[in-house]
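Next comes upload_18.cif, a file with mmCIF, C-alpha atoms and all ligand atoms.
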```
data_my_file
#
loop_
_atom_site.label_atom_id
_atom_site.label_comp_id
_atom_site.auth_asym_id
_atom_site.auth_seq_id
_atom_site.Cartn_x
_atom_site.Cartn_y
_atom_site.Cartn_z
CA MET A 1 55.88 141.70 88.33
CA ASN A 2 52.23 141.52 87.59
CA PHE A 3 49.78 141.42 90.49
CA SER A 4 46.76 142.80 88.70
CA GLY A 5 43.56 141.19 89.97
CA LYS A 6 45.31 139.96 93.10
CA CYS A 7 44.26 140.84 96.65
CA ALA A 8 46.87 140.91 99.37
CA ILE A 9 47.00 141.32 103.13
CA VAL A 10 50.26 142.56 104.64
CA THR A 11 50.54 142.56 108.43
CA GLY A 12 52.80 144.96 110.28
CA ALA A 13 52.51 147.24 107.26
CA ALA A 14 52.62 150.62 108.97
CA ARG A 15 56.38 150.79 108.59
CA GLY A 16 59.57 148.89 107.79
CA ILE A 17 59.65 145.72 105.73
CA GLY A 18 55.86 145.32 105.77
CA TYR A 19 55.26 148.79 104.40
CA ALA A 20 57.88 148.29 101.67
CA ALA A 21 56.33 144.94 100.68
CA ALA A 22 52.82 146.40 100.55
CA ARG A 23 54.05 149.30 98.43
CA LEU A 24 55.80 147.03 95.93
CA LEU A 25 52.77 144.75 95.62
CA ALA A 26 50.47 147.75 95.11
CA GLU A 27 52.81 149.35 92.57
CA ASP A 28 52.63 146.10 90.60
CA GLY A 29 48.83 146.11 90.59
CA ALA A 30 47.70 144.27 93.73
CA ARG A 31 44.91 145.57 95.90
CA VAL A 32 46.39 145.66 99.38
CA LEU A 33 45.02 145.67 102.90
CA LEU A 34 47.53 147.02 105.40
CA VAL A 35 47.14 145.62 108.90
CA ASP A 36 48.91 147.00 111.94
CA LEU A 37 48.51 147.67 115.62
CA ASN A 38 49.55 151.26 115.08
CA ALA A 39 46.46 153.04 113.72
CA GLU A 40 48.24 156.37 113.29
CA GLY A 41 51.13 154.75 111.42
CA LEU A 42 48.63 152.92 109.21
CA GLU A 43 47.05 156.20 108.21
CA THR A 44 50.43 157.60 107.17
CA ALA A 45 51.20 154.37 105.31
CA ARG A 46 47.91 154.55 103.46
CA GLN A 47 48.81 157.99 102.19
CA GLY A 48 51.99 156.51 100.67
CA ILE A 49 50.17 153.71 98.84
CA PRO A 50 47.37 154.93 96.58
CA GLY A 51 44.28 152.70 96.77
CA ALA A 52 45.43 150.80 99.87
CA ARG A 53 42.92 149.95 102.57
CA VAL A 54 43.82 149.71 106.24
CA PHE A 55 42.63 147.68 109.21
CA ALA A 56 43.99 148.39 112.68
CA CYS A 57 44.32 145.30 114.84
CA ASP A 58 46.59 143.23 117.01
CA VAL A 59 47.61 140.06 115.18
CA ALA A 60 47.64 138.31 118.56
CA ASP A 61 43.87 138.82 118.86
CA GLU A 62 42.26 135.94 116.95
CA ASP A 63 38.80 137.54 116.76
CA ALA A 64 40.26 140.76 115.41
CA VAL A 65 42.30 138.80 112.87
CA ASN A 66 39.14 137.06 111.66
CA ARG A 67 37.46 140.45 111.34
CA ALA A 68 40.40 141.79 109.34
CA VAL A 69 40.18 138.89 106.89
CA GLN A 70 36.39 139.31 106.68
CA TYR A 71 36.93 142.98 105.84
CA ALA A 72 39.46 142.09 103.13
CA VAL A 73 37.02 139.60 101.58
CA GLU A 74 34.16 142.14 101.74
CA LYS A 75 36.26 144.76 99.97
CA CYS A 76 38.18 142.59 97.52
CA GLY A 77 36.16 139.37 97.28
CA LYS A 78 39.07 137.10 98.24
CA VAL A 79 42.57 136.98 99.65
CA ASP A 80 45.22 135.68 97.23
CA ILE A 81 48.33 136.75 99.11
CA LEU A 82 49.11 136.87 102.81
CA ILE A 83 52.34 138.40 104.07
CA ASN A 84 52.71 137.52 107.76
CA ASN A 85 55.19 140.24 108.57
CA ALA A 86 54.08 141.69 111.94
CA GLY A 87 56.58 140.76 114.58
CA ILE A 88 58.24 142.06 117.73
CA TYR A 89 61.92 141.83 118.48
CA ARG A 90 63.19 145.07 120.00
CA CYS A 91 61.51 144.60 123.38
CA ASP A 92 62.88 142.72 126.40
CA VAL A 93 66.29 142.04 124.89
CA GLY A 94 68.59 140.37 127.45
CA LEU A 95 70.00 137.14 128.75
CA PHE A 96 67.59 134.26 129.13
CA GLU A 97 68.65 133.84 132.75
CA THR A 98 67.14 137.22 133.58
CA SER A 99 64.11 136.97 131.28
CA SER A 100 60.48 136.69 132.28
CA SER A 101 57.81 134.34 131.02
CA ALA A 102 55.59 137.38 130.37
CA ALA A 103 58.11 138.58 127.77
CA TRP A 104 58.29 135.16 126.10
CA LYS A 105 54.52 134.89 125.96
CA LYS A 106 54.20 138.29 124.30
CA LYS A 107 56.55 137.23 121.50
CA ILE A 108 54.89 133.83 121.18
CA ASP A 109 51.48 135.52 120.88
CA VAL A 110 52.54 137.97 118.20
CA ASN A 111 55.25 136.17 116.24
CA ILE A 112 53.89 132.62 116.30
CA LEU A 113 50.18 132.78 117.03
CA GLY A 114 49.60 135.95 114.99
CA THR A 115 51.08 134.18 111.97
CA MET A 116 48.94 131.10 112.61
CA TYR A 117 45.70 133.05 113.17
CA PHE A 118 46.03 134.95 109.91
CA THR A 119 47.03 131.86 107.98
CA ARG A 120 44.12 129.86 109.38
CA ALA A 121 41.72 132.68 108.55
CA VAL A 122 42.71 132.93 104.86
CA LEU A 123 43.53 129.30 104.11
CA ASP A 124 40.03 127.88 103.47
CA GLY A 125 39.37 130.56 100.86
CA MET A 126 42.73 129.99 99.18
CA LEU A 127 42.23 126.23 99.05
CA SER A 128 38.70 126.57 97.72
CA ARG A 129 39.96 128.79 94.89
CA SER A 130 43.14 126.70 94.40
CA TYR A 131 45.29 129.79 94.65
CA GLY A 132 47.33 131.26 97.45
CA ARG A 133 50.70 132.72 98.31
CA ILE A 134 51.66 132.84 101.96
CA VAL A 135 54.95 134.44 102.97
CA ASN A 136 55.99 134.31 106.62
CA LEU A 137 58.68 136.57 108.03
CA SER A 138 61.13 134.54 110.05
CA SER A 139 64.66 135.74 110.86
CA VAL A 140 68.29 134.66 110.85
CA ALA A 141 67.68 134.46 114.61
CA GLY A 142 65.50 131.42 113.95
CA ILE A 143 68.30 129.72 112.03
CA TYR A 144 71.43 130.59 114.02
CA GLY A 145 70.03 131.73 117.36
CA ILE A 146 70.92 135.24 118.54
CA VAL A 147 72.35 135.89 121.99
CA LYS A 148 70.07 137.90 124.28
CA MET A 149 67.18 137.16 121.93
CA THR A 150 66.45 133.57 122.94
CA ASP A 151 62.70 133.93 123.05
CA TYR A 152 62.64 135.80 119.74
CA SER A 153 64.96 133.21 118.16
CA MET A 154 62.62 130.46 119.32
CA THR A 155 59.55 132.14 117.83
CA LYS A 156 61.24 132.63 114.48
CA ALA A 157 62.42 128.99 114.39
CA ALA A 158 58.80 128.07 115.06
CA VAL A 159 57.71 130.14 112.07
CA LEU A 160 60.11 128.12 109.90
CA GLY A 161 58.74 124.81 111.15
CA PHE A 162 55.19 126.01 110.61
CA THR A 163 56.03 127.18 107.09
CA LYS A 164 57.63 123.91 106.03
CA ALA A 165 54.94 121.66 107.52
CA LEU A 166 52.03 123.68 106.13
CA ALA A 167 53.66 123.88 102.70
CA LYS A 168 53.64 120.07 102.60
CA GLU A 169 50.03 119.85 103.76
CA VAL A 170 48.72 122.13 101.03
CA THR A 171 51.06 121.22 98.22
CA GLY A 172 49.41 120.47 94.89
CA ARG A 173 46.37 122.58 95.80
CA GLY A 174 47.55 125.89 94.36
CA VAL A 175 48.82 127.32 97.62
CA THR A 176 52.50 127.92 98.35
CA VAL A 177 53.93 128.72 101.76
CA ASN A 178 57.41 130.17 102.12
CA ALA A 179 59.49 132.09 104.62
CA VAL A 180 61.81 135.06 104.32
CA SER A 181 64.55 135.39 106.93
CA PRO A 182 66.07 138.85 107.07
CA GLY A 183 69.45 139.54 108.61
CA SER A 184 70.04 143.18 109.53
CA ILE A 185 67.58 145.33 107.63
CA ASP A 186 67.37 149.04 108.29
CA ASP A 187 66.42 152.29 106.60
CA ASP A 188 70.02 153.45 107.11
CA PRO A 189 72.33 151.13 105.11
CA ALA A 190 75.36 152.50 106.96
CA ARG A 191 74.19 150.82 110.14
CA MET A 192 75.53 147.44 111.29
CA PRO A 193 78.46 147.30 108.81
CA ASN A 194 80.02 144.39 110.71
CA HIS A 195 76.97 142.12 110.46
CA SER A 196 77.55 141.03 106.88
CA PHE A 197 80.25 140.55 104.28
CA MET A 198 78.47 143.20 102.25
CA GLY A 199 79.46 145.62 105.00
CA ARG A 200 76.09 147.29 105.30
CA ALA A 201 72.53 146.76 106.38
CA GLY A 202 69.94 145.75 103.81
CA SER A 203 67.19 148.18 102.95
CA PHE A 204 63.53 147.50 103.59
CA GLU A 205 63.00 147.42 99.87
CA GLU A 206 65.75 144.85 99.28
CA CYS A 207 63.96 142.53 101.67
CA ALA A 208 60.54 143.41 100.24
CA ARG A 209 61.66 142.47 96.73
CA VAL A 210 62.26 138.90 97.85
CA ILE A 211 58.86 138.84 99.54
CA ARG A 212 57.30 140.14 96.33
CA PHE A 213 58.94 137.35 94.32
CA LEU A 214 57.60 134.65 96.64
CA ALA A 215 54.15 136.28 96.53
CA SER A 216 54.13 136.26 92.74
CA ASP A 217 53.22 133.77 90.04
CA GLU A 218 56.93 133.70 89.16
CA ALA A 219 57.47 131.57 92.28
CA SER A 220 54.91 128.93 91.29
CA TYR A 221 57.34 126.02 91.85
CA VAL A 222 58.72 127.27 95.17
CA SER A 223 57.13 126.12 98.43
CA GLY A 224 58.30 125.19 101.90
CA GLN A 225 61.46 127.26 101.45
CA ASN A 226 63.26 129.83 103.53
CA TYR A 227 64.86 132.71 101.63
CA VAL A 228 67.62 134.30 103.69
CA VAL A 229 68.15 138.01 103.01
CA ASP A 230 71.23 138.86 105.05
CA GLY A 231 73.93 140.25 102.73
CA CYS A 232 76.05 137.16 103.43
CA ARG A 233 75.97 137.33 107.20
CA LYS A 234 79.05 137.43 109.42
CA LEU A 235 77.57 137.52 112.89
CA MET A 236 75.47 134.74 114.31
N1 LIG B 301 64.51 144.57 110.42
C1 LIG B 301 65.28 143.51 110.61
O1 LIG B 301 66.49 143.61 110.65
C2 LIG B 301 64.66 142.16 110.78
C3 LIG B 301 65.51 141.06 110.92
C4 LIG B 301 64.97 139.79 111.07
C5 LIG B 301 63.60 139.61 111.04
N2 LIG B 301 62.78 140.68 110.90
C6 LIG B 301 61.34 140.42 110.92
O2 LIG B 301 60.72 141.10 109.85
C7 LIG B 301 59.44 141.59 110.26
C8 LIG B 301 59.37 143.09 110.06
O3 LIG B 301 60.49 143.70 110.66
P1 LIG B 301 60.66 145.28 110.70
O4 LIG B 301 62.08 145.55 111.03
O5 LIG B 301 60.05 145.90 109.52
O6 LIG B 301 59.79 145.59 112.01
P2 LIG B 301 59.28 147.01 112.59
O7 LIG B 301 59.31 146.89 114.07
O8 LIG B 301 60.00 148.12 111.95
O9 LIG B 301 57.77 147.04 112.09
C9 LIG B 301 56.88 146.06 112.53
C10 LIG B 301 55.47 146.55 112.35
O10 LIG B 301 54.63 145.54 112.93
C11 LIG B 301 53.67 146.18 113.74
N3 LIG B 301 53.27 145.28 114.83
C12 LIG B 301 54.00 144.91 115.90
N4 LIG B 301 53.27 144.11 116.70
C13 LIG B 301 52.06 144.00 116.11
C14 LIG B 301 50.88 143.31 116.47
N5 LIG B 301 50.80 142.62 117.61
N6 LIG B 301 49.81 143.39 115.64
C15 LIG B 301 49.88 144.13 114.50
N7 LIG B 301 50.96 144.80 114.12
C16 LIG B 301 52.04 144.73 114.92
C17 LIG B 301 54.36 147.42 114.29
O11 LIG B 301 53.42 148.38 114.72
C18 LIG B 301 55.19 147.85 113.09
O12 LIG B 301 54.47 148.74 112.26
C19 LIG B 301 59.28 141.17 111.72
O13 LIG B 301 58.56 139.96 111.78
C20 LIG B 301 60.69 140.94 112.19
O14 LIG B 301 60.78 140.04 113.25
C21 LIG B 301 63.29 141.94 110.77
#
```
Encoding of this model in structure tokens:
Amino acid sequence: MNFSGKCAIVTGAARGIGYAAARLLAEDGARVLLVDLNAEGLETARQGIPGARVFACDVADEDAVNRAVQYAVEKCGKVDILINNAGIYRCDVGLFETSSSAAWKKKIDVNILGTMYFTRAVLDGMLSRSYGRIVNLSSVAGIYGIVKMTDYSMTKAAVLGFTKALAKEVTGRGVTVNAVSPGSIDDDPARMPNHSFMGRAGSFEECARVIRFLASDEASYVSGQNYVVDGCRKLM
């Protein structure tokens, strides 16, 4: 795909799906800004993506998010593509009846508000230039609900609602807003064989390829959609 002349921000890009998405966009010509909480991981990621810039920040910190977008605009002149990928799901896994509001709030701050802060910060520029591609990482958890991940499931359902409503608001103004909902994605495909009819986990790159499509001009007539990348899931 051709991303030459395009400027992209990918959050949560120090590793995993975010890193793979940033790498694919850069390989296809985009100038990318990698954002992550993990400054050390960002540095390693930068070494893997020639020409990438990095900005260390917490997506749950609105002022820091605004600074990250300002930095992207200073360096690239605009933001064409935003991949809202940063998210937390491994922490505080357990039954809702034993959960704490502190744990819910952490996930709400990162998974929901982080996505909204970044989107709000780039949207005016995208609308003024009549061009934008926003891709939000949701999850199969937001569709089916996953046991012992009630708070996470809620945040990812919220991301879907946000995606669909915003897509309608901005439609016809050059900006598309879509979601990608991964199932079980891992760097070891042999893991979680029972989660899908494909009998394996998806790779980071397999998920990133769908993100790249939605971030591209090829997806010009796609907005408000949720692309599920789950290898034909078995478990809900
Ligand atoms: N891997 C999967 O199986 C899977 C399944 C469903 C949904 N997802 C979603 O896809 C996205 C990426 O998943 P992944 O498996 O690559 O995650 P990961 O945990 O491997 O990587 C996430 C990255 O985000 C960064 N991050 C976390 N909190 C942050 C914050 N507050 N501010 C900035 N950066 C932050 C981390 O440092 C890390 O580099 C997440 O939104 C996740 O919920 C993943």
Would you give me, as JSON lines, each residue of chain A having an atom within 6 Å of an atom of ligand LIG 301 (chain B), along with its shortest atom pair and that distance in Å to one decimal, using only C-alpha atoms and all ligand atoms and sorting by chain and residue number?
```
{"residue": "A:Gly12", "atom": "CA", "partner": "B:LIG301", "partner_atom": "O10", "distance": 3.3}
{"residue": "A:Ala13", "atom": "CA", "partner": "B:LIG301", "partner_atom": "O12", "distance": 5.6}
{"residue": "A:Ala14", "atom": "CA", "partner": "B:LIG301", "partner_atom": "O12", "distance": 4.2}
{"residue": "A:Arg15", "atom": "CA", "partner": "B:LIG301", "partner_atom": "O12", "distance": 4.6}
{"residue": "A:Gly16", "atom": "CA", "partner": "B:LIG301", "partner_atom": "O5", "distance": 3.5}
{"residue": "A:Ile17", "atom": "CA", "partner": "B:LIG301", "partner_atom": "O5", "distance": 3.8}
{"residue": "A:Gly18", "atom": "CA", "partner": "B:LIG301", "partner_atom": "O5", "distance": 5.7}
{"residue": "A:Asp36", "atom": "CA", "partner": "B:LIG301", "partner_atom": "N7", "distance": 3.7}
{"residue": "A:Leu37", "atom": "CA", "partner": "B:LIG301", "partner_atom": "C15", "distance": 4.0}
{"residue": "A:Asn38", "atom": "CA", "partner": "B:LIG301", "partner_atom": "O11", "distance": 4.8}
{"residue": "A:Cys57", "atom": "CA", "partner": "B:LIG301", "partner_atom": "C15", "distance": 5.7}
{"residue": "A:Asp58", "atom": "CA", "partner": "B:LIG301", "partner_atom": "N6", "distance": 3.5}
{"residue": "A:Val59", "atom": "CA", "partner": "B:LIG301", "partner_atom": "N6", "distance": 4.0}
{"residue": "A:Ala60", "atom": "CA", "partner": "B:LIG301", "partner_atom": "N5", "distance": 5.4}
{"residue": "A:Asn85", "atom": "CA", "partner": "B:LIG301", "partner_atom": "O13", "distance": 4.7}
{"residue": "A:Ala86", "atom": "CA", "partner": "B:LIG301", "partner_atom": "O10", "distance": 4.0}
{"residue": "A:Gly87", "atom": "CA", "partner": "B:LIG301", "partner_atom": "O13", "distance": 3.5}
{"residue": "A:Ile88", "atom": "CA", "partner": "B:LIG301", "partner_atom": "C12", "distance": 5.4}
{"residue": "A:Tyr89", "atom": "CA", "partner": "B:LIG301", "partner_atom": "O14", "distance": 5.6}
{"residue": "A:Val110", "atom": "CA", "partner": "B:LIG301", "partner_atom": "N5", "distance": 5.0}
{"residue": "A:Leu137", "atom": "CA", "partner": "B:LIG301", "partner_atom": "O13", "distance": 5.1}
{"residue": "A:Ser138", "atom": "CA", "partner": "B:LIG301", "partner_atom": "C5", "distance": 5.7}
{"residue": "A:Ser139", "atom": "CA", "partner": "B:LIG301", "partner_atom": "C5", "distance": 4.0}
{"residue": "A:Ser181", "atom": "CA", "partner": "B:LIG301", "partner_atom": "C5", "distance": 6.0}
{"residue": "A:Pro182", "atom": "CA", "partner": "B:LIG301", "partner_atom": "C4", "distance": 4.3}
{"residue": "A:Gly183", "atom": "CA", "partner": "B:LIG301", "partner_atom": "C3", "distance": 4.8}
{"residue": "A:Ser184", "atom": "CA", "partner": "B:LIG301", "partner_atom": "O1", "distance": 3.7}
{"residue": "A:Ile185", "atom": "CA", "partner": "B:LIG301", "partner_atom": "O1", "distance": 3.6}
{"residue": "A:Asp186", "atom": "CA", "partner": "B:LIG301", "partner_atom": "N1", "distance": 5.7}
```
Check: Which distance in Å separates CA of Thr115 (chain A) and CA of Cys232 (chain A), to one decimal?
Finding: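 We find that CA of Thr115 (chain A) and CA of Cys232 (chain A) lie 26.6 Å from each other.
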Margin query: Between CA of Asp187 (chain A) and CA of Ala208 (chain A), what is the distance in Å, rounded to a tenth?
Written below: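 One can read the CA of Asp187 (chain A) to CA of Ala208 (chain A) distance as 12.4 Å.
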Margin query: Please list as a VMD selection string every residue within 6 Å of Ser130 (chain A), counting all atoms listed in the file and excluding residues in the same chain fewer than 2 positions away.
Written below: chain A and resid 126 to 128 173 to 174
Excluding Asp217 (chain A) and any residue of its chain fewer than 2 positions from it, enumerate the residues within 9 Å of it, using only C-alpha atoms, and give them as a short mmCIF file (atom, residue, chain, number, x, y, z; two decimals) with C-alpha atoms, in the coordinates of the input.
```
data_model
loop_
_atom_site.label_atom_id
_atom_site.label_comp_id
_atom_site.auth_asym_id
_atom_site.auth_seq_id
_atom_site.Cartn_x
_atom_site.Cartn_y
_atom_site.Cartn_z
CA MET A 1 55.88 141.70 88.33
CA ASN A 2 52.23 141.52 87.59
CA PHE A 3 49.78 141.42 90.49
CA ARG A 133 50.70 132.72 98.31
CA PHE A 213 58.94 137.35 94.32
CA LEU A 214 57.60 134.65 96.64
CA ALA A 215 54.15 136.28 96.53
CA ALA A 219 57.47 131.57 92.28
CA SER A 220 54.91 128.93 91.29
CA TYR A 221 57.34 126.02 91.85
#
```
Next item on the list: Considering all atoms listed in the file, state which residue in the set A:Val229, A:Met198, A:Val65, A:Ile146 is at the smallest distance from Phe118 (chain A).
Entry: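 Checking each of A:Val229, A:Met198, A:Val65, A:Ile146 against Phe118 (chain A), counting all atoms listed in the file, the winner is A:Val65.
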Check: By how many Å are CA of Met236 (chain A) and CA of Ala201 (chain A) apart?
Finding: 14.7 Å
Notebook entry, point to check: Of the candidates A:Asn84, A:Ser99, A:Ser153, A:Ser4, which one gets nearest to Ser216 (chain A) if we count only C-alpha atoms?
Noted result: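 Of the candidates, the smallest distance to Ser216 (chain A) is held by A:Ser4.
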Margin query: Would you pick out the contacts of Ile81 (chain A) at 12 Å or less, using all atoms listed in the file, so that residues sharing its chain but fewer than 6 positions from it are not included, and give the list as a VMD selection string?
Written below: chain A and resid 3 5 to 11 21 to 22 25 to 26 30 to 33 69 72 to 73 118 to 119 122 to 123 125 to 126 131 to 136 174 to 178 211 to 217
Check: Smallest atom-to-atom distance to Ser101 (chain A): which of A:Gly77, A:Ala20, A:Ala141, A:Thr150, using only C-alpha atoms?
Finding: A:Thr150
Notebook entry, point to check: region 102-109 of chain A: which residues within 7 Å, counting only C-alpha atoms, same-chain residues fewer than 2 positions away excluded, as a PyMOL selection string?
Noted result: chain A and resi 60+88+92+100+111-114+151-152+155
Check: Counting all atoms listed in the file, which residues come within 9 Å of (68.8, 126.8, 114.0), with the point read in the file's coordinates, and could you list them as a list of chain:residue names?
Finding: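 Residues with an atom close enough to that point: A:Val140, A:Ala141, A:Gly142, A:Ile143, A:Tyr144, A:Gly145, A:Ser153, A:Met154, A:Ala157.
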Checklist line | Counting all atoms listed in the file, the residue of A:Val54, A:Met116, A:Ala190, A:Leu24 that sits nearest Thr163 (chain A) | finding: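 Going through A:Val54, A:Met116, A:Ala190, A:Leu24 one by one, the smallest distance to Thr163 (chain A) is for A:Met116.
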Next item on the list: Kindly indicate which residue among A:Cys207, A:Lys148, A:Gly224, A:Glu218 lies nearest to Val93 (chain A), using only C-alpha atoms for the distances.
Entry: A:Lys148
Next item on the list: Find, counting all atoms listed in the file, the residue in A:Glu43, A:Ala165, A:Ser203, A:Lys78 that gets nearest to Arg191 (chain A).
Entry: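 Between A:Glu43, A:Ala165, A:Ser203, A:Lys78, the residue approaching Arg191 (chain A) most closely is A:Ser203.
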